[in-house]
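So this block is entry_21.txt, compact mmCIF, C-alpha atoms and all ligand atoms:
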```
# COMPACT_ATOMS: atom_id res chain seq x y z
CA MET A 1 0.00 0.00 0.00
CA ARG A 2 1.26 3.49 -0.82
CA LYS A 3 2.25 5.51 2.25
CA SER A 4 1.22 9.14 2.61
CA LEU A 5 2.68 12.01 4.57
CA ILE A 6 0.21 14.81 5.20
CA VAL A 7 1.86 18.15 5.97
CA TYR A 8 -0.39 20.95 7.21
CA GLU A 9 0.28 24.64 7.78
CA THR A 10 -2.38 26.28 9.91
CA GLN A 11 -3.00 29.30 12.11
CA TYR A 12 -6.54 28.75 13.32
CA GLY A 13 -6.78 24.95 13.02
CA THR A 14 -9.02 24.43 9.97
CA SER A 15 -6.23 23.04 7.80
CA LYS A 16 -5.35 20.65 10.63
CA LYS A 17 -8.97 19.39 10.63
CA VAL A 18 -8.72 18.84 6.85
CA ALA A 19 -5.38 17.02 7.31
CA GLU A 20 -6.92 14.75 9.98
CA ILE A 21 -9.75 13.83 7.61
CA CYS A 22 -7.23 13.16 4.80
CA SER A 23 -5.14 10.99 7.11
CA LEU A 24 -8.16 8.80 7.91
CA ILE A 25 -9.54 8.54 4.38
CA VAL A 26 -6.31 8.37 2.33
CA GLY A 27 -4.92 5.90 4.87
CA THR A 28 -1.54 4.26 5.45
CA ALA A 29 -0.62 7.77 6.48
CA LYS A 30 0.89 10.05 9.08
CA MET A 31 0.24 13.75 9.48
CA ALA A 32 2.71 16.41 10.55
CA ASP A 33 2.61 20.09 11.38
CA ILE A 34 4.84 22.04 8.98
CA ASN A 35 6.95 22.98 12.04
CA ALA A 36 7.66 19.32 12.87
CA VAL A 37 7.94 17.33 9.64
CA PRO A 38 9.69 13.96 10.13
CA ALA A 39 13.27 13.96 8.84
CA ASN A 40 12.81 10.81 6.76
CA VAL A 41 10.51 11.79 3.93
CA ASP A 42 11.92 8.95 1.79
CA THR A 43 9.55 6.43 3.43
CA TYR A 44 6.53 8.05 1.80
CA ASP A 45 5.13 7.52 -1.70
CA ASN A 46 2.70 10.45 -1.48
CA VAL A 47 2.92 13.87 0.14
CA ILE A 48 -0.23 15.93 0.71
CA PHE A 49 0.19 19.64 1.52
CA VAL A 50 -2.74 21.29 3.30
CA PHE A 51 -2.52 25.02 4.05
CA GLY A 52 -4.69 28.02 4.93
CA PHE A 53 -4.86 31.10 2.68
CA TYR A 54 -3.20 34.21 4.10
CA GLY A 55 -2.63 36.66 1.25
CA TYR A 56 1.08 37.23 0.66
CA ASN A 57 1.89 35.02 3.66
CA THR A 58 0.14 31.95 2.28
CA ALA A 59 2.00 28.63 2.79
CA LYS A 60 5.31 30.38 3.51
CA LYS A 61 6.79 27.45 5.43
CA THR A 62 5.31 24.89 3.04
CA LYS A 63 7.02 26.60 0.11
CA GLU A 64 10.32 26.60 2.01
CA PHE A 65 9.87 22.89 2.78
CA ILE A 66 9.22 22.10 -0.88
CA ARG A 67 12.28 24.15 -1.92
CA ASN A 68 14.48 22.18 0.51
CA ASN A 69 13.05 18.79 -0.52
CA LYS A 70 12.50 19.34 -4.24
CA GLU A 71 14.68 16.38 -5.33
CA LYS A 72 12.99 13.95 -2.95
CA LEU A 73 9.53 15.11 -3.99
CA LEU A 74 10.26 14.45 -7.68
CA SER A 75 9.60 10.71 -7.37
CA LYS A 76 6.46 11.09 -5.24
CA ARG A 77 2.83 11.84 -5.97
CA VAL A 78 1.97 15.23 -4.54
CA ALA A 79 -1.39 16.75 -3.60
CA VAL A 80 -2.11 20.39 -2.79
CA ILE A 81 -5.23 21.19 -0.75
CA GLY A 82 -5.93 24.88 -0.10
CA VAL A 83 -8.19 26.04 2.72
CA GLY A 84 -9.63 29.54 2.56
CA ILE A 85 -12.70 31.66 2.08
CA SER A 86 -12.45 32.26 -1.66
CA VAL A 87 -12.03 29.35 -4.09
CA ARG A 88 -10.83 31.91 -6.65
CA ASP A 89 -7.58 32.25 -4.70
CA LEU A 90 -6.73 28.56 -5.12
CA ASP A 91 -5.12 28.84 -8.58
CA ARG A 92 -2.77 31.63 -7.50
CA TYR A 93 -1.64 30.01 -4.23
CA ALA A 94 -1.35 26.53 -5.76
CA GLU A 95 0.72 27.98 -8.63
CA GLU A 96 3.20 29.38 -6.07
CA LEU A 97 3.71 25.85 -4.76
CA PHE A 98 4.06 24.45 -8.28
CA VAL A 99 6.86 26.94 -8.95
CA GLU A 100 8.80 25.55 -5.96
CA LEU A 101 7.94 21.99 -6.94
CA GLY A 102 9.02 22.55 -10.55
CA ARG A 103 5.80 20.93 -11.80
CA LYS A 104 2.06 20.74 -11.17
CA SER A 105 0.73 18.57 -8.35
CA ASP A 106 -1.03 15.28 -9.10
CA PHE A 107 -4.13 16.50 -7.25
CA THR A 108 -5.26 20.02 -6.35
CA ALA A 109 -8.40 20.99 -4.45
CA PHE A 110 -10.06 23.63 -2.30
CA VAL A 111 -11.91 23.23 0.98
CA GLN A 112 -13.82 26.19 2.34
CA GLY A 113 -12.43 27.24 5.71
CA GLU A 114 -13.83 29.77 8.12
CA LEU A 115 -13.06 33.22 9.47
CA ILE A 116 -14.49 33.90 12.92
CA VAL A 117 -13.91 37.53 13.85
CA ASN A 118 -13.77 37.14 17.61
CA LYS A 119 -11.24 34.29 17.37
CA LEU A 120 -8.73 36.38 15.37
CA THR A 121 -5.51 37.69 16.90
CA VAL A 122 -5.41 41.46 17.43
CA GLU A 123 -2.92 41.77 14.59
CA ASP A 124 -4.98 39.72 12.07
CA LYS A 125 -8.12 41.66 13.05
CA LYS A 126 -6.37 44.96 12.30
CA VAL A 127 -5.05 43.74 8.92
CA LEU A 128 -8.43 42.40 7.83
CA GLU A 129 -10.41 45.41 9.13
CA LYS A 130 -8.26 47.65 6.92
CA PHE A 131 -8.57 45.28 3.93
CA PHE A 132 -12.36 45.01 4.11
CA GLU A 133 -12.80 48.75 4.68
CA LYS A 134 -10.77 49.46 1.52
CA ALA A 135 -12.76 46.88 -0.46
CA ASN A 136 -15.99 48.33 0.98
CA ILE A 137 -17.09 44.91 2.25
CA PRO A 138 -18.61 44.48 5.75
CA PHE A 139 -16.16 42.76 8.10
CA LYS A 140 -17.97 39.83 9.72
CA ASP A 141 -17.72 36.04 10.15
CA MET A 142 -17.17 34.34 6.81
CA GLY A 143 -16.91 30.89 5.30
CA HIS A 144 -18.46 27.65 6.41
CA PHE A 145 -16.21 24.64 6.99
CA LYS A 146 -18.16 21.50 6.17
CA LYS A 147 -16.83 18.09 7.20
CA GLU A 148 -18.67 16.59 4.23
CA ASP A 149 -16.73 18.77 1.75
CA ALA A 150 -13.42 17.79 3.34
CA CYS A 151 -14.41 14.09 3.24
CA ASN A 152 -15.26 14.35 -0.48
CA VAL A 153 -11.98 16.10 -1.29
CA ALA A 154 -10.03 13.50 0.74
CA ALA A 155 -11.77 10.64 -1.09
CA ARG A 156 -10.99 12.15 -4.51
CA CYS A 157 -7.40 12.72 -3.38
CA ALA A 158 -7.13 9.07 -2.25
CA GLU A 159 -8.34 7.83 -5.63
CA VAL A 160 -5.60 9.74 -7.43
CA LEU A 161 -2.72 9.28 -4.99
CA ASN A 162 -3.38 5.64 -4.12
CA LYS A 163 -3.93 4.50 -7.69
CA PRO A 164 -1.74 1.39 -8.08
CA SER A 165 1.38 2.01 -10.16
CA LEU A 166 2.35 -1.62 -10.89
CA VAL A 167 -0.70 -3.07 -12.56
CA PRO A 168 -1.34 -6.45 -14.26
CA SER A 169 -3.22 -6.50 -17.56
CA ARG A 170 -7.00 -6.08 -17.38
CA GLU A 171 -7.44 -9.71 -18.49
CA GLU A 172 -5.07 -11.02 -15.82
CA LEU A 173 -6.81 -8.98 -13.13
CA MET A 174 -10.27 -10.10 -14.27
CA LEU A 175 -9.11 -13.73 -14.19
CA ALA A 176 -7.82 -13.36 -10.61
CA ILE A 177 -11.07 -11.69 -9.54
CA ASN A 178 -13.24 -14.35 -11.21
CA GLU A 179 -11.22 -17.11 -9.58
CA PHE A 180 -11.61 -15.54 -6.13
CA VAL A 181 -15.34 -14.94 -6.60
CA ARG A 182 -15.84 -18.56 -7.67
CA GLN A 183 -13.85 -19.88 -4.69
CA HIS A 184 -16.51 -18.38 -2.40
CA ASN A 185 -20.29 -18.40 -2.32
CA THR A 186 -21.14 -16.00 0.51
CA CYS A 187 -20.57 -12.27 0.89
CA ALA A 188 -21.37 -9.36 3.15
CA LEU A 189 -23.81 -7.15 1.24
CA GLY A 190 -23.81 -3.51 2.29
CA THR A 191 -26.90 -1.44 1.54
CA GLY A 192 -28.13 1.91 2.80
CA ALA A 193 -30.58 4.75 2.36
CA GLY A 194 -30.21 7.96 4.36
CA GLU A 195 -29.61 7.12 8.03
CA PHE A 196 -30.48 3.47 7.46
CA VAL A 197 -27.63 1.02 6.84
CA ARG A 198 -27.61 -2.74 6.65
CA CYS A 199 -24.93 -5.39 6.21
CA THR A 200 -26.32 -8.78 5.21
CA PRO A 201 -24.42 -12.07 5.04
CA ILE A 202 -25.88 -13.67 1.94
CA GLU A 203 -25.18 -16.42 -0.59
CA TYR A 204 -24.52 -15.19 -4.12
CA LEU A 205 -24.53 -16.63 -7.59
CA TYR A 206 -22.07 -15.03 -10.02
CA LEU A 207 -23.58 -15.22 -13.47
CA ASN A 208 -23.12 -13.16 -16.65
CA ASP A 209 -20.80 -10.73 -14.78
CA ALA A 210 -23.44 -9.92 -12.15
CA PHE A 211 -24.06 -11.06 -8.58
CA TYR A 212 -27.52 -12.61 -8.08
CA PHE A 213 -29.18 -12.98 -4.69
CA ILE A 214 -32.23 -15.06 -3.80
CA SER A 215 -34.12 -13.77 -0.79
CA GLU A 216 -37.40 -14.32 1.00
CA GLY A 217 -37.33 -10.60 1.71
CA GLY A 218 -36.10 -8.41 4.54
CA PHE A 219 -34.69 -5.06 5.51
CA LYS A 220 -32.05 -4.95 2.74
CA PHE A 221 -34.95 -4.22 0.41
CA LYS A 222 -35.83 -1.16 2.50
CA ALA A 223 -32.48 0.25 1.40
CA ILE A 224 -32.38 -1.07 -2.18
CA LEU A 225 -35.85 0.27 -3.00
CA GLN A 226 -34.66 3.78 -2.09
CA ASN A 227 -31.00 3.62 -3.10
CA PRO A 228 -29.72 1.06 -5.62
CA ASN A 229 -26.04 1.58 -4.69
CA VAL A 230 -24.60 -1.46 -2.95
CA CYS A 231 -21.22 -2.73 -1.87
CA ILE A 232 -20.23 -6.37 -1.55
CA ALA A 233 -17.29 -7.73 0.45
CA ILE A 234 -15.86 -11.22 -0.15
CA TYR A 235 -12.84 -12.12 1.93
CA ASN A 236 -10.59 -14.78 3.39
CA GLU A 237 -10.24 -15.07 7.17
CA TYR A 238 -7.32 -13.01 8.41
CA THR A 239 -4.15 -14.98 9.10
CA ASP A 240 -1.31 -12.47 8.69
CA MET A 241 -0.40 -9.34 6.73
CA GLN A 242 1.40 -11.43 4.06
CA ASN A 243 -1.76 -13.36 3.17
CA LEU A 244 -4.45 -10.78 2.71
CA LYS A 245 -7.27 -11.42 0.28
CA GLY A 246 -10.38 -9.28 0.17
CA LEU A 247 -12.57 -8.09 -2.65
CA GLN A 248 -14.86 -5.07 -2.49
CA VAL A 249 -17.41 -4.74 -5.26
CA SER A 250 -19.36 -1.56 -5.89
CA GLY A 251 -22.50 -1.82 -7.95
CA GLN A 252 -26.15 -1.09 -8.47
CA ALA A 253 -28.95 -3.37 -7.37
CA GLU A 254 -31.91 -4.26 -9.54
CA ILE A 255 -34.91 -6.31 -8.51
CA ILE A 256 -35.71 -8.99 -11.11
CA PRO A 257 -39.45 -9.37 -11.79
CA LEU A 258 -40.88 -12.67 -10.54
CA TYR A 259 -41.01 -15.39 -13.19
CA SER A 260 -39.46 -13.16 -15.87
CA GLU A 261 -37.06 -14.76 -18.36
CA GLU A 262 -34.05 -13.64 -16.31
CA TYR A 263 -35.65 -14.89 -13.06
CA ASN A 264 -36.40 -18.25 -14.58
CA GLU A 265 -32.88 -18.60 -15.99
CA VAL A 266 -31.18 -17.88 -12.66
CA MET A 267 -33.49 -20.24 -10.74
CA LYS A 268 -32.73 -22.97 -13.28
CA VAL A 269 -28.97 -22.46 -12.84
CA LYS A 270 -29.56 -22.74 -9.07
CA GLY A 271 -31.30 -26.07 -9.69
CA LEU A 272 -34.67 -24.83 -8.48
CA ASN A 273 -37.78 -26.22 -10.15
CA LEU A 274 -39.95 -23.39 -11.49
CA LYS A 275 -43.22 -25.26 -11.01
CA ASN A 276 -42.36 -26.08 -7.40
CA LEU A 277 -41.38 -22.44 -6.87
CA SER A 278 -44.69 -21.08 -8.11
CA ASN A 279 -46.58 -23.63 -5.95
CA MET A 280 -44.79 -22.49 -2.79
CA PRO A 281 -46.94 -20.55 -0.28
CA ILE A 282 -44.41 -17.67 -0.42
CA VAL A 283 -42.29 -16.18 -3.19
CA LEU A 284 -38.53 -16.23 -3.54
CA ASN A 285 -37.39 -12.79 -4.57
CA LEU A 286 -34.42 -12.27 -6.84
CA PHE A 287 -32.21 -9.26 -7.20
CA LYS A 288 -28.85 -8.66 -8.81
CA ALA A 289 -25.95 -6.32 -8.37
CA LYS A 290 -24.46 -5.02 -11.61
CA VAL A 291 -20.77 -4.35 -11.03
CA SER A 292 -19.32 -0.89 -11.52
CA LYS A 293 -15.99 -1.40 -9.75
CA PHE A 294 -13.86 -4.15 -8.21
CA GLU A 295 -11.22 -3.31 -5.58
CA PHE A 296 -9.06 -6.34 -4.90
CA LEU A 297 -6.49 -6.56 -2.13
CA ASN A 298 -4.45 -9.68 -2.75
CA SER A 299 -0.96 -10.20 -1.27
CA GLU A 300 -0.20 -12.63 -4.11
CA PHE A 301 -0.10 -9.76 -6.62
CA ARG A 302 3.04 -8.53 -4.88
CA LYS A 303 4.83 -11.83 -5.58
CA ASN A 304 4.33 -11.10 -9.29
CA GLY A 305 5.71 -7.58 -8.98
CA PHE A 306 2.37 -5.75 -8.81
CA ASP A 307 0.77 -3.56 -6.15
CA ALA A 308 -1.18 -5.64 -3.62
CA LYS A 309 -4.30 -3.51 -4.10
CA GLN A 310 -5.74 -3.34 -7.60
CA VAL A 311 -8.78 -1.54 -8.97
CA LEU A 312 -10.84 -2.61 -11.96
CA VAL A 313 -13.43 -0.11 -13.15
CA ILE A 314 -16.22 -1.75 -15.16
CA SER A 315 -18.45 1.30 -15.70
CA GLU A 316 -18.21 4.92 -14.49
C1 LIG B 401 -4.95 37.61 7.98
C2 LIG B 401 -5.81 36.70 7.16
C3 LIG B 401 -5.68 36.69 5.78
C4 LIG B 401 -6.49 35.86 4.99
N1 LIG B 401 -6.36 35.86 3.63
C5 LIG B 401 -7.18 35.07 2.87
C6 LIG B 401 -7.08 35.08 1.45
O1 LIG B 401 -6.22 35.71 0.86
N2 LIG B 401 -7.97 34.32 0.75
C7 LIG B 401 -8.93 33.56 1.35
O2 LIG B 401 -9.71 32.91 0.66
N3 LIG B 401 -9.00 33.50 2.70
C8 LIG B 401 -8.17 34.25 3.48
N4 LIG B 401 -8.26 34.20 4.85
C9 LIG B 401 -9.18 33.25 5.47
C10 LIG B 401 -8.44 31.97 5.92
O3 LIG B 401 -7.80 31.34 4.86
C11 LIG B 401 -9.42 30.98 6.56
O4 LIG B 401 -9.78 31.55 7.79
C12 LIG B 401 -8.86 29.59 6.75
O5 LIG B 401 -9.88 28.77 7.27
C13 LIG B 401 -7.66 29.58 7.66
O6 LIG B 401 -7.09 28.30 7.73
P1 LIG B 401 -6.39 27.80 9.05
O7 LIG B 401 -7.45 27.74 10.13
O8 LIG B 401 -5.87 26.45 8.71
O9 LIG B 401 -5.28 28.74 9.40
C14 LIG B 401 -7.45 35.03 5.64
C15 LIG B 401 -7.54 35.04 7.03
C16 LIG B 401 -6.74 35.85 7.80
C17 LIG B 401 -6.88 35.82 9.28
```

Starting from the file, lay out its structure as structure tokens.
Amino acid sequence: MRKSLIVYETQYGTSKKVAEICSLIVGTAKMADINAVPANVDTYDNVIFVFGFYGYNTAKKTKEFIRNNKEKLLSKRVAVIGVGISVRDLDRYAEELFVELGRKSDFTAFVQGELIVNKLTVEDKKVLEKFFEKANIPFKDMGHFKKEDACNVAARCAEVLNKPSLVPSREELMLAINEFVRQHNTCALGTGAGEFVRCTPIEYLYLNDAFYFISEGGFKFKAILQNPNVCIAIYNEYTDMQNLKGLQVSGQAEIIPLYSEEYNEVMKVKGLNLKNLSNMPIVLNLFKAKVSKFEFLNSEFRKNGFDAKQVLVISE
């Protein structure tokens, strides 16, 4: 797994909050204040810089750090996450970091921070009072930091920075996934709608590139009927870190009409007699999950020179 160092430069703590969220979501990570960055940056594959906007003083120490570590940063993936009131300032402040870096970052994003007048230092208050008076803008609390925005930025950042770099061919990966899916017959099916979440252990049938589930009914349908997005986990019992195997499948659920052609085909493959089924006092429901993405963590990939975690996107 790629390791990330998250370096934040903050005065009022919002960038630190963003860094904490990145550390949790990007994962395999450690965060550091710009004033206490670990000496050994070599350990990390990714570096994420998070900093607040402060006019001419923006990211002063971050820029100095990049200048002093330019060579080491060349071989790493770099993200730049700016925190401020105005998204329009992002391009300018990010560009200043790119100049030090000698190239653009692999990921750049903005998270809205906050400016709370009665939390400002006397000095900052004076500077801003003057600035807003000149611009003829009322000087009051501004910005709204939203955890949700920071989570979304961190997730997008993770997708770019943690993308595997040593990747088998699509065919090879699909073969490995198919083999693993066929070695198992039960998964944990995650469903949810609003506040409601459910995780259901359930037998699956993998047919025509989709996962089919037969069910008498239950609360998973409460979620699926309102939100078709599902996630499936198929995994081996944990033994040690050198033998990890777990597959996460993202997809969309679809309820198959009773006794339709597709329903009948799947029931036949399952060895269920259609006549007996229709004579039963209850119905067996059928739904499928169409796959949009596989994420496969398999220690064996590493033995063949590939990253242990691979991603196969089927449809966007
Ligand atoms: C003196 C001062 C200057 C600022 N300059 C900018 C600016 O140029 N652009 C902007 O969008 N926000 C500006 N802000 C707002 C901060 O970027 C915002 O409060 C941010 O959340 C601070 O991040 P931090 O808590 O990590 O230090 C300024 C705030 C202060 C106090």

Rows by chain and residue number, chain A within 7 Å of ligand LIG 401 (chain B), shortest pair, all atoms listed in the file, as JSON lines:
```
{"residue": "A:Glu9", "atom": "CA", "partner": "B:LIG401", "partner_atom": "O8", "distance": 6.5}
{"residue": "A:Thr10", "atom": "CA", "partner": "B:LIG401", "partner_atom": "O8", "distance": 3.7}
{"residue": "A:Gln11", "atom": "CA", "partner": "B:LIG401", "partner_atom": "O9", "distance": 3.6}
{"residue": "A:Tyr12", "atom": "CA", "partner": "B:LIG401", "partner_atom": "O7", "distance": 3.5}
{"residue": "A:Gly13", "atom": "CA", "partner": "B:LIG401", "partner_atom": "O7", "distance": 4.1}
{"residue": "A:Thr14", "atom": "CA", "partner": "B:LIG401", "partner_atom": "O7", "distance": 3.7}
{"residue": "A:Ser15", "atom": "CA", "partner": "B:LIG401", "partner_atom": "O8", "distance": 3.5}
{"residue": "A:Lys16", "atom": "CA", "partner": "B:LIG401", "partner_atom": "O8", "distance": 6.1}
{"residue": "A:Phe51", "atom": "CA", "partner": "B:LIG401", "partner_atom": "O8", "distance": 5.9}
{"residue": "A:Gly52", "atom": "CA", "partner": "B:LIG401", "partner_atom": "O6", "distance": 3.7}
{"residue": "A:Phe53", "atom": "CA", "partner": "B:LIG401", "partner_atom": "O3", "distance": 3.7}
{"residue": "A:Tyr54", "atom": "CA", "partner": "B:LIG401", "partner_atom": "N1", "distance": 3.6}
{"residue": "A:Gly55", "atom": "CA", "partner": "B:LIG401", "partner_atom": "O1", "distance": 3.7}
{"residue": "A:Val83", "atom": "CA", "partner": "B:LIG401", "partner_atom": "C12", "distance": 5.4}
{"residue": "A:Gly84", "atom": "CA", "partner": "B:LIG401", "partner_atom": "O3", "distance": 3.4}
{"residue": "A:Ile85", "atom": "CA", "partner": "B:LIG401", "partner_atom": "O2", "distance": 3.5}
{"residue": "A:Ser86", "atom": "CA", "partner": "B:LIG401", "partner_atom": "O2", "distance": 3.6}
{"residue": "A:Val87", "atom": "CA", "partner": "B:LIG401", "partner_atom": "O2", "distance": 6.4}
{"residue": "A:Asp89", "atom": "CA", "partner": "B:LIG401", "partner_atom": "O2", "distance": 5.8}
{"residue": "A:Gln112", "atom": "CA", "partner": "B:LIG401", "partner_atom": "O5", "distance": 6.8}
{"residue": "A:Gly113", "atom": "CA", "partner": "B:LIG401", "partner_atom": "O5", "distance": 3.4}
{"residue": "A:Glu114", "atom": "CA", "partner": "B:LIG401", "partner_atom": "O5", "distance": 4.2}
{"residue": "A:Leu115", "atom": "CA", "partner": "B:LIG401", "partner_atom": "O4", "distance": 4.0}
{"residue": "A:Leu120", "atom": "CA", "partner": "B:LIG401", "partner_atom": "C17", "distance": 6.4}
{"residue": "A:Asp124", "atom": "CA", "partner": "B:LIG401", "partner_atom": "C1", "distance": 4.6}
{"residue": "A:Val127", "atom": "CA", "partner": "B:LIG401", "partner_atom": "C1", "distance": 6.2}
{"residue": "A:Leu128", "atom": "CA", "partner": "B:LIG401", "partner_atom": "C1", "distance": 5.9}
```

Using only C-alpha atoms, the shortest atom-to-atom distance to Leu247 (chain A) among A:Val181, A:Ala155, A:Leu189, A:Val266 belongs to A:Val181

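Using only C-alpha atoms, the nearest neighbour of Thr108 (chain A) within the list A:Arg182, A:Gln310, A:Ile81, A:Cys187 is A:Ile81.
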
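Minimum distance to Asp149 (chain A) across A:Pro201, A:His184, A:Pro164, A:Ile21 (counting all atoms listed in the file) occurs at A:Ile21.
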
Near-Ile282 (chain A) list (12 Å; all atoms listed in the file; drop same-chain fewer than 2 positions) as a PyMOL selection string:
chain A and resi 215-217+258+276-280+284-285
